[in-house]
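Written out below as structure tokens is the structure these notes cover.
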Amino acid sequence: MYILGDIGNTETKVYIVSKRNKILKKFTFLSKSINNKKLNNLFKKKKIRLNKIKKVLFCSVVPDTFNLIKKFLSKKVTSKCLEVKNLNLKSLIKIKVDYKQVGSDRITNAIGLMNNKNNFIILDFGTATTFDVLIKDTYYGGIIAPGVRLSLNTLSYKASLIPKIDLKKVNKVIGKNTISAVRSGFFWGYAGLIDNIINLIKKETRRSFKVIITGGFSNLFKNSIKTKASQNQDITIKGLIKISKLIK
């Protein structure tokens with residue numbers, strides 16, 4: 001069995017995967033609230049025999065959380081606990097940008113999706129809203145915009161008269177009260193941002209793309225933007241599975 005994981009700014013997802021690449025178990029926890037006691041309880045609760053683990057691989061954008069998990073697992077498993085960037089990925093993907101400047105989650109997503117035939121724009125609604133450009137077998141670069149949830153929470157925190165709001169699809173642009181006005185601004189504002197950035201990518205590269213959306217708000221926007229897009233929540237784990245084959 002393998003442990004594969006995705007450590008994001010908000011959540012960490014851990015997968016237990018068989019040698020035949022079947023996901024056996026999955027659990028999620030808040031990235032910055034984890035500690036050794038909680039990790040121990042989580043693995044016990046899931047009845048995971050850590051002495052049977054042959055590979056451990058994470059993509060991470062939170063070094064402190066990765067180091068904590070690495071230290072915990074190093075005492076429980078016989079294999080090394082690796083981060084995606086510890087491995088030489090040249091055999092899997094070409095990278096056109098400074099390797100150190102790209103989050104390993106974004107590289108992992110690109111590897112998970114890449115098929116050497118199509119061009120992709122990967123739109124990920126995480127703590128940040130990211131756009132990654134994949135041209136056949138080459139990671140070309142990307143765009144980082146403010147995350148939807150982070151922006152909503154910041155507005156509520158900074159503006160005394162604006163309450164915390166759940167973002168929903170709205171049909172009308174003009175709001176009739178504070179809540180509907182904020183919902184409209186965020187919903188139509190982000191829809192416009194998405195379409196505009198995708199169009200600018202196409203114009204700059206002079207190529208056509210398949211657009212794949214993933215992450216927390218992908219359900220909300222998949223049918224609300226002008227650009228045709230497909231939803232896929234599994235590209236990160238697929239990328240981790242591909243990358244794990246590099247571990248001997």
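Ligands are numbered from 1 in the order shown, residues from 1 within each chain, and chains are lettered A, B, ... in the order they appear in the structure tokens.
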
Residues of stretch 80-123 of chain A at most 12 Å from stretch 143-162 of chain A: nearest atom pair and distance in Å, only C-alpha atoms, as a tab-separated table:
```
residue	atom	partner	partner_atom	distance
A:Gln101	CA	A:Ile144	CA	11.9
A:Val102	CA	A:Ile143	CA	10.5
A:Gly103	CA	A:Ile144	CA	10.9
A:Arg106	CA	A:Ile144	CA	10.9
A:Ile121	CA	A:Ile143	CA	10.4
A:Ile122	CA	A:Ile143	CA	10.3
A:Leu123	CA	A:Ile143	CA	9.5
```

Who sits within 12 Å of A:Lys248, only C-alpha atoms, same chain under 3 positions skipped, as a ChimeraX atom specification: /A:54-56,79-80,82,87,243-245

Dump of N, CA and C atoms for the selected residues, as a CSV table (one decimal), in the first residue's frame:
```csv
chain,number,residue,atom,x,y,z
A,54,LYS,N,4.5,1.0,1.6
A,54,LYS,CA,5.7,0.9,0.8
A,54,LYS,C,6.2,2.2,0.2
A,55,LYS,N,5.3,3.1,0.0
A,55,LYS,CA,5.7,4.4,-0.6
A,55,LYS,C,4.9,5.5,0.1
A,56,VAL,N,5.5,6.7,0.3
A,56,VAL,CA,4.8,7.9,0.8
A,56,VAL,C,5.1,9.1,0.0
A,79,SER,N,9.6,3.3,4.5
A,79,SER,CA,9.9,4.1,3.3
A,79,SER,C,10.1,5.5,3.6
A,80,LYS,N,10.8,6.3,2.8
A,80,LYS,CA,11.0,7.7,2.9
A,80,LYS,C,9.7,8.4,2.7
A,82,LEU,N,8.3,11.4,0.9
A,82,LEU,CA,8.8,12.4,-0.1
A,82,LEU,C,7.8,13.4,-0.5
A,87,LEU,N,11.5,14.6,-6.3
A,87,LEU,CA,11.7,13.7,-7.4
A,87,LEU,C,12.1,14.4,-8.7
A,243,ILE,N,3.2,10.0,-10.5
A,243,ILE,CA,4.5,10.4,-10.0
A,243,ILE,C,5.1,9.4,-9.0
A,244,SER,N,4.2,8.7,-8.3
A,244,SER,CA,4.7,7.7,-7.3
A,244,SER,C,5.4,6.5,-8.0
A,245,LYS,N,5.2,6.3,-9.3
A,245,LYS,CA,5.8,5.3,-10.1
A,245,LYS,C,7.3,5.5,-10.2
```

Near-stretch 107-117 of chain A list (9 Å; only C-alpha atoms; drop same-chain fewer than 3 positions) as a ChimeraX atom specification: /A:59,84,92-93,95,102-104,120,122,132-139,212,234-243

Selection near A:Leu24, 12 Å with only C-alpha atoms, sequence-local residues under 2 positions removed, as a PyMOL selection string: chain A and resi 1-4+14-22+26-27+46-48

Store the residues of this selection in a file with N, CA and C atoms, as an mmCIF file, in the first residue's frame.
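The resulting file, out.cif, is reproduced below:
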```cif
data_model
loop_
_atom_site.group_PDB
_atom_site.id
_atom_site.type_symbol
_atom_site.label_atom_id
_atom_site.label_comp_id
_atom_site.auth_asym_id
_atom_site.auth_seq_id
_atom_site.Cartn_x
_atom_site.Cartn_y
_atom_site.Cartn_z
ATOM 1 N N MET A 1 0.842 -1.200 0.000
ATOM 2 C CA MET A 1 0.000 0.000 0.000
ATOM 3 C C MET A 1 0.873 1.245 0.000
ATOM 4 N N TYR A 2 0.299 2.336 -0.526
ATOM 5 C CA TYR A 2 0.982 3.614 -0.565
ATOM 6 C C TYR A 2 0.166 4.659 0.198
ATOM 7 N N ILE A 3 0.845 5.658 0.734
ATOM 8 C CA ILE A 3 0.187 6.854 1.247
ATOM 9 C C ILE A 3 0.492 7.975 0.280
ATOM 10 N N LEU A 4 -0.546 8.555 -0.305
ATOM 11 C CA LEU A 4 -0.407 9.696 -1.202
ATOM 12 C C LEU A 4 -1.240 10.833 -0.636
ATOM 13 N N VAL A 14 -5.563 12.851 2.385
ATOM 14 C CA VAL A 14 -4.670 11.696 2.431
ATOM 15 C C VAL A 14 -5.390 10.499 1.820
ATOM 16 N N TYR A 15 -4.690 9.817 0.921
ATOM 17 C CA TYR A 15 -5.244 8.646 0.246
ATOM 18 C C TYR A 15 -4.386 7.422 0.555
ATOM 19 N N ILE A 16 -5.048 6.311 0.799
ATOM 20 C CA ILE A 16 -4.373 5.021 0.899
ATOM 21 C C ILE A 16 -4.652 4.298 -0.416
ATOM 22 N N VAL A 17 -3.586 3.986 -1.137
ATOM 23 C CA VAL A 17 -3.721 3.461 -2.502
ATOM 24 C C VAL A 17 -3.035 2.102 -2.590
ATOM 25 N N SER A 18 -3.661 1.173 -3.298
ATOM 26 C CA SER A 18 -3.088 -0.158 -3.468
ATOM 27 C C SER A 18 -2.008 -0.137 -4.555
ATOM 28 N N LYS A 19 -1.251 -1.226 -4.659
ATOM 29 C CA LYS A 19 -0.226 -1.334 -5.699
ATOM 30 C C LYS A 19 -0.837 -1.275 -7.091
ATOM 31 N N ARG A 20 -2.093 -1.598 -7.186
ATOM 32 C CA ARG A 20 -2.785 -1.554 -8.485
ATOM 33 C C ARG A 20 -3.493 -0.211 -8.698
ATOM 34 N N ASN A 21 -3.107 0.766 -7.907
ATOM 35 C CA ASN A 21 -3.581 2.150 -8.048
ATOM 36 C C ASN A 21 -5.065 2.337 -7.717
ATOM 37 N N LYS A 22 -5.600 1.454 -6.900
ATOM 38 C CA LYS A 22 -6.978 1.602 -6.446
ATOM 39 C C LYS A 22 -6.983 2.361 -5.117
ATOM 40 N N LYS A 26 -9.691 7.230 2.138
ATOM 41 C CA LYS A 26 -9.384 8.656 1.997
ATOM 42 C C LYS A 26 -9.867 9.383 3.242
ATOM 43 N N PHE A 27 -9.072 10.331 3.723
ATOM 44 C CA PHE A 27 -9.556 11.192 4.802
ATOM 45 C C PHE A 27 -8.959 12.585 4.655
ATOM 46 N N LYS A 46 -8.848 4.825 10.937
ATOM 47 C CA LYS A 46 -8.987 4.273 9.591
ATOM 48 C C LYS A 46 -8.407 2.863 9.466
ATOM 49 N N LYS A 47 -7.841 2.363 10.581
ATOM 50 C CA LYS A 47 -7.279 1.005 10.635
ATOM 51 C C LYS A 47 -6.213 0.792 9.558
ATOM 52 N N ILE A 48 -5.308 1.775 9.476
ATOM 53 C CA ILE A 48 -4.226 1.716 8.500
ATOM 54 C C ILE A 48 -2.977 1.153 9.162
#
```
